[in-house]
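Working notes, structure below.
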Amino acid sequence: MNLHREDVFGQGNLQEVVKKSKNKIETNIDVIYKENLKQLYGEIIRYSSLAQQNMNEEEIKLVGRLKYASRKIIKSLKDVKELQKNINFYSRSKNEFIKNEYDSIREIIANTLREVEYIRKNHLDDIDRMSRIEALKHQLNSLDLIQNGKIDELIRNKKIDTTMATSLINDASFGLYICKRLIDITMILWIEDDVLIELGEENED
């Protein structure tokens, strides 16, 4: 993403932050996974499997949701790895249009992370949390470049070539999946009302 933590979770305008953050930040996703997440994920699965035999129905349901959230974190990390390659490549492109599109992907992911952190840190009720989550979902429409016609416009007006278009479609999809998983994780961890969770899942269609 080539964004510093303090920029993502700070108070600065994200669009401006992204535009200024062009330098490559060396991040080895494989090392992060192997040294930090792989063992933790394995321990979560092992502990939950052993503990479930002594749990009631509600506790088993909660553990199942936590395992589900853990899997989504792992999948999101793998998507970030794929996305990072082209972010690094196209950030150095002379084509301002493709650079702007990749900046938009970075901005939306950063905004999703900032909102998730806000929900985590602040004492909101479930309705307020769901309102912010629904607003996030609405913003994700801009990442569906085929559905919203953006990719057709860029190609038709010869602003990007077909190679760029293919990469952009794939990477916008990675960005979309990352954000959707972050939203799912937020609902699992910080929304307590099962009815609101179900309504949120229905609204994804």
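For the structure tokens, the naming scheme is as follows: chains receive sequential letters (A, B, ...) according to their order of presentation, residues are indexed from 1 within each chain, and ligands are indexed from 1 in presentation order.
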Per residue of stretch 119-194 of chain A within 7 Å of stretch 65-74 of chain A, record the nearest atom pair and its distance in Å to one decimal, counting only C-alpha atoms, with rows in chain order and ascending residue number, as a Markdown table.
```
| residue | atom | partner | partner_atom | distance |
| --- | --- | --- | --- | --- |
| A:Arg181 | CA | A:Lys72 | CA | 5.9 |
| A:Ile185 | CA | A:Ala69 | CA | 5.2 |
| A:Ile188 | CA | A:Arg65 | CA | 6.3 |
```
As a list in words, please: the residues near A:Ile183 (cut-off 9 Å, only C-alpha atoms, same-chain neighbours under 2 positions excluded).
Thr112, Val116, Ile133, Leu136, Lys137, Ile178, Cys179, Lys180, Arg181, Ile185, Thr186, Met187 and Ile188 of chain A
Would you export the selected residues with C-alpha atoms as a CSV table (one decimal), in the first residue's frame, please?
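In the end it all went to selection26.csv:
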```csv
chain,number,residue,atom,x,y,z
A,112,THR,CA,-11.9,1.3,5.2
A,116,VAL,CA,-12.8,0.0,11.1
A,133,ILE,CA,-20.6,0.0,7.9
A,136,LEU,CA,-18.5,2.0,3.8
A,137,LYS,CA,-20.3,-0.6,1.6
A,178,ILE,CA,-10.0,-6.8,1.0
A,179,CYS,CA,-12.5,-4.1,2.0
A,180,LYS,CA,-15.5,-6.5,2.1
A,181,ARG,CA,-13.5,-8.9,4.3
A,185,ILE,CA,-14.5,-8.9,10.3
A,186,THR,CA,-15.8,-5.7,11.8
A,187,MET,CA,-19.4,-7.0,11.9
A,188,ILE,CA,-18.2,-10.3,13.5
```
Nearest to A:Ile108 by atom-to-atom distance, counting only C-alpha atoms, from A:Lys94, A:His138, A:Lys78, A:Lys38:
A:His138
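Atom CA of A:Ile146 to atom CA of A:Ala172 spans 9.8 Å [interatomic distance, one decimal].
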Just list as JSON, numbers by chain whatever in stretch 4-205 of chain A DSSP marks as alpha helix (DSSP H).
{"A": [5, 6, 7, 8, 14, 15, 16, 17, 18, 19, 20, 29, 30, 31, 32, 38, 39, 40, 41, 42, 43, 44, 45, 46, 47, 48, 49, 50, 51, 57, 58, 59, 60, 61, 62, 63, 64, 65, 66, 67, 68, 69, 70, 71, 72, 73, 74, 75, 76, 77, 78, 79, 80, 81, 82, 83, 84, 85, 86, 87, 88, 89, 90, 96, 97, 98, 99, 100, 101, 102, 103, 104, 105, 106, 107, 108, 109, 110, 111, 112, 113, 114, 115, 116, 117, 118, 119, 120, 121, 126, 127, 128, 129, 130, 131, 132, 133, 134, 135, 136, 137, 138, 139, 150, 151, 152, 153, 154, 155, 156, 162, 163, 164, 165, 166, 167, 168, 169, 170, 171, 172, 173, 174, 175, 176, 177, 178, 179, 180, 181, 182, 183, 184, 185, 186, 187, 188, 189, 190, 194, 195, 196, 197, 198, 199, 200, 201, 202]}
Nearest to A:Ile127, restricted to only C-alpha atoms and choosing among A:Glu101, A:Asp7, A:Asp193, A:Asp30, comes out as A:Asp193
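Using only C-alpha atoms, the shortest contact distance between A:Glu82 and any of A:Leu176, A:Asn54, A:Leu143, A:Ile29 is found at A:Ile29.
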Set the distance at 8 Å and use only C-alpha atoms: which residues neighbour A:Asp171 once local chain neighbours fewer than 3 positions away are removed? I'd like the list as a list in words.
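Selected residues are Glu82, Leu83, Asn86, Ser167, Leu168, Phe174 and Gly175 of chain A.
Restricting the calculation to only C-alpha atoms, the smallest distance between A:Val80 and any of A:Ser93, A:Thr163, A:Gln139, A:Asn28 is found for A:Asn28.
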Within 9 Å of A:Arg106, counting only C-alpha atoms, which residues show up once you throw out same-chain ones fewer than 5 positions away? Write them as a list in words, please.
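Contacts, with the query itself left out: Met1, Asn2, Leu3, Val18, Ile87, Glu101, Asn111 and Gly175 of chain A.
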For the selection just defined, write its residues with N, CA and C atoms to a file, as a PDB file, in the first residue's frame.
```pdb
ATOM      1  N   MET A   1       0.818  -1.213   0.000  1.00  0.00           N
ATOM      2  CA  MET A   1       0.000   0.000   0.000  1.00  0.00           C
ATOM      3  C   MET A   1       0.854   1.265   0.000  1.00  0.00           C
ATOM      4  N   ASN A   2       2.112   1.133   0.483  1.00  0.00           N
ATOM      5  CA  ASN A   2       3.039   2.267   0.549  1.00  0.00           C
ATOM      6  C   ASN A   2       2.479   3.435   1.359  1.00  0.00           C
ATOM      7  N   LEU A   3       1.788   3.095   2.435  1.00  0.00           N
ATOM      8  CA  LEU A   3       1.245   4.093   3.354  1.00  0.00           C
ATOM      9  C   LEU A   3       1.690   3.747   4.767  1.00  0.00           C
ATOM     10  N   VAL A  18      -2.478   9.937   0.177  1.00  0.00           N
ATOM     11  CA  VAL A  18      -2.177   8.936  -0.853  1.00  0.00           C
ATOM     12  C   VAL A  18      -1.386   9.555  -1.995  1.00  0.00           C
ATOM     13  N   ILE A  87       0.756  -1.980  -7.484  1.00  0.00           N
ATOM     14  CA  ILE A  87       0.829  -0.646  -6.878  1.00  0.00           C
ATOM     15  C   ILE A  87       2.245  -0.103  -7.029  1.00  0.00           C
ATOM     16  N   GLU A 101      -5.978   5.851 -10.830  1.00  0.00           N
ATOM     17  CA  GLU A 101      -6.860   4.727 -10.506  1.00  0.00           C
ATOM     18  C   GLU A 101      -6.285   3.884  -9.367  1.00  0.00           C
ATOM     19  N   ASN A 111      -9.249   4.200   3.721  1.00  0.00           N
ATOM     20  CA  ASN A 111     -10.438   4.744   4.372  1.00  0.00           C
ATOM     21  C   ASN A 111     -11.203   3.648   5.116  1.00  0.00           C
ATOM     22  N   GLY A 175      -8.859  -5.169  -4.272  1.00  0.00           N
ATOM     23  CA  GLY A 175      -9.191  -4.111  -3.321  1.00  0.00           C
ATOM     24  C   GLY A 175     -10.594  -4.261  -2.770  1.00  0.00           C
TER      25      GLY A 175
END
```
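From atom CA of A:Arg114 back to atom CA of A:Val8, the distance works out to 6.2 Å.
From atom CA of A:Gly10 back to atom CA of A:Glu192, the distance works out to 27.2 Å.
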A:Lys150, A:Leu140, A:Met130, A:Tyr90 ranked by distance to A:Met164, top pick (using only C-alpha atoms):
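Closest residue, counting only C-alpha atoms: A:Tyr90.
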Selected residue, from A:Trp190, A:Phe9, A:Leu145, A:Asp184, that lies nearest to A:His123 when counting only C-alpha atoms
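Comparing A:Trp190, A:Phe9, A:Leu145, A:Asp184 against A:His123, the winner is A:Trp190.
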